[in-house]
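Encoded as structure tokens, the structure appears first; notes follow it.
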Amino acid sequence: MIYFKYIRMQLRSLAQYRSTFWFIIMGQSLTCAAGFASMTMMFDRFHTMAGWTYAEAALCYAAVFMAFSITECVARGFDSFSRLIVSGDFDRLLLRPRALTLQVLGSSFELTRLGRLIVGGTILQFAARNLGVAWTADKVIVLILMILSGVVIFFGVFLLGAAMCFVTVEGLEVVNIFTDGGREIASYPLPIYGKTALRFFTFIIPYGCFNYLPLLYLVGRADGHAALYALSPLIGMLFVIPCAFVWKAGVRRYLSTGN
Amino acid sequence: MITLNGIRKSFKVAKRKPGAKAALAAMFHREYNIVNAVDGVSFDIPDGEIVGYIGPNGAGKSTSIKVMSGILIPDEGTCTVAGLTPWTDRKRLARRIGAVFGQRTQLWWDVPIIDSFDLLRDIYRTPQDEYKRSRDRLVDALDIGAFINTPLRQVSLGQRMRAELAASLLHSPDILFLDEPTIGLDAVSKLAVRQFIREINAERGVTVLLTTHDMHDIEALTDHIILIGKGRILYNGTMSAVKSSKTAEGLPVEEIVAGLYKEHGL
């Protein structure tokens, strides 16, 4: 498949910068681990946070970091889309007989995010063992869906950020509030931030759909419709649909206004 | 065959006033100027022709090339390239055209040139045997063999430009857009590039639209020039006719073109 050929090309380019690669991987792993260490210290002192246990928060943290690192690795082309616009390389993509989304995905592959993924996976294992949950098949599926859903939702946010580049490449820091900022916020169970934040991150940018809502199901705290909590990762994925439309509209705008 | 008919395209350009106060004000309220980048451009380029597309910077050359290659939708007018409307048939047109933008690369920076060629084969879905034939021919004609296994960032500009030309022709397009293909090249590389353009035009009948500021490129390759300025076509005809006019007699080609610009108030 052509996508994998693009990726192979990116990996070959990467092989040219081997030592930098390992340094970045180490740095990435450390930031992820450091964030978790501060969470650990907090729980060491206070034991629970707004009714959430250490293991529950750890699961949240791990799911968010794993999802985010996968999206950053695969969809880096959208995350750093302003580079394609500023350099004019996006015009070159338009001259190729292939779908644009595929080409943007193929334009970058950030393997260094593997470091975070591994640390996140370790934390996930730790959390899963200490959660006191009997890991039946349905719960394992929900856990996998949480991460998949996270990948899809973060991808949607990246699409929105990329679409903004068609309007302006200035002031793109705003997007980081929702990507990096969103990741930081969602790495703790959302209810601790209060109702407004909870609603925003459930119904507007549905980060809650892939961590704390299904988490309630996993630990048996889902009141009422348990199935709805279990399926929330799937519902959250729908977020990517409007994002794709915004991206398409951005491309149309670019074609008619140019660079 | 390339046909443009009454192509018009204007852009909104933000007004910039000097000073910190103005910069601050611009964050809240911006004023725009409408710039007519291309203001009713029409011309025909028959199959198998080489055309020198000339004009000063900001004349509308790149805007019109973007329209012809499907990167930009015009406000008005019609355009057919290889029988297709560029902006409605982007992907199909992409197979029929090749493009070299002298200031930018279309190859992957950190990998051997041959790897870029191979990926382009996959992107264009060129059948394997056809690709091999085409690649071998191009490697031979452009003398790329010696550095084809070298990463692009390690080759000289002249070598890079030869690789770019090869890359733009791997999928055997009918039409080639060349935007300053000789910029920054030494004399030997310039001659090699010109020789090669002549060859693919003569042997494979590739239609070439050549944008350049180097009038020697034009002299070496074609007599047909189209002059664009301030978004309008100012002259579409032969270089020899311009040269034989009274005012131009005996002048070097650069001066003739400068005179032409002046005559049209550019």
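Following the order of the structure tokens, chains are lettered A, B, ..., residues in each are numbered from 1, and ligands are numbered from 1.
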
Using only C-alpha atoms, determine which residues lie at most 10 Å from Lys17 (chain B), disregarding the query and same-chain residues fewer than 6 positions distant; provide the list as JSON, numbers by chain. {"B": [23, 25, 26]}

Serialized selection, N, CA and C atoms, as an mmCIF file, in the first residue's frame:
```
data_model
loop_
_atom_site.group_PDB
_atom_site.id
_atom_site.type_symbol
_atom_site.label_atom_id
_atom_site.label_comp_id
_atom_site.auth_asym_id
_atom_site.auth_seq_id
_atom_site.Cartn_x
_atom_site.Cartn_y
_atom_site.Cartn_z
ATOM 1 N N ALA B 23 0.864 47.943 13.626
ATOM 2 C CA ALA B 23 0.907 46.484 13.724
ATOM 3 C C ALA B 23 -0.102 45.988 14.751
ATOM 4 N N ALA B 25 -2.832 47.623 15.730
ATOM 5 C CA ALA B 25 -4.174 47.884 15.190
ATOM 6 C C ALA B 25 -4.564 46.792 14.198
ATOM 7 N N ALA B 26 -3.571 46.301 13.448
ATOM 8 C CA ALA B 26 -3.859 45.294 12.420
ATOM 9 C C ALA B 26 -4.316 43.974 13.024
#
```

Output the contact residues of chain B with respect to chain A at a cut-off of 10 Å, based on only C-alpha atoms, as a PyMOL selection string. chain B and resi 9-12+63+66-67+69-75+87+89-101+104-106+108-112+115-116+118-120+122-125+151

Skipping near chain neighbours, those fewer than 2 positions away, what residues fall within 6 Å of region 199-215 of chain B using only C-alpha atoms, listed as a list of chain:residue names?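 Contacts, with the query itself left out: B:Asp47, B:Gly48, B:Glu49, B:Ile50, B:Val51, B:Gly52, B:Tyr53, B:Ile54, B:Asp174, B:Ile175, B:Leu176, B:Phe177, B:Leu178, B:Asp179, B:Glu180, B:Phe196, B:Ile197, B:Asp217, B:Ile218.
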
Using DSSP secondary structure from the backbone, list all strand (DSSP E or B) positions within region 22-195 of chain B, as a count of residues only. 38

So what do you get for CA of Ala57 (chain A) versus CA of Pro189 (chain A), distance-wise?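 Computing the Euclidean distance for CA of Ala57 (chain A) and CA of Pro189 (chain A) yields 6.1 Å.
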
Can you pull out every residue from region 4-252 of chain A that DSSP, working from the backbone, puts in helix (DSSP H, G or I), and format the result as a ChimeraX atom specification? /A:4-46,54-74,76-79,81-87,89-94,100-106,111-130,137-165,173-178,180-186,190-193,195-204,207-210,212-218,226-237,240-252

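With distances restricted to only C-alpha atoms, A:Val157 is the closest residue to Thr179 (chain A) from A:Ala55, A:Val157, A:Leu124, A:Val240.
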
Could you give me, as a ChimeraX atom specification, the residues within 8 Å of Leu170 (chain B), counting only C-alpha atoms and dropping anything in the same chain fewer than 2 positions from it? /B:117,120-121,131,134-135,138,166-168,172-173

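In this model, the gap between CA of Leu145 (chain A) and CA of Thr202 (chain A) comes to 16.5 Å.
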
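When CA of Ala141 (chain B) is paired with CA of Gln128 (chain B), their separation reads 19.8 Å.
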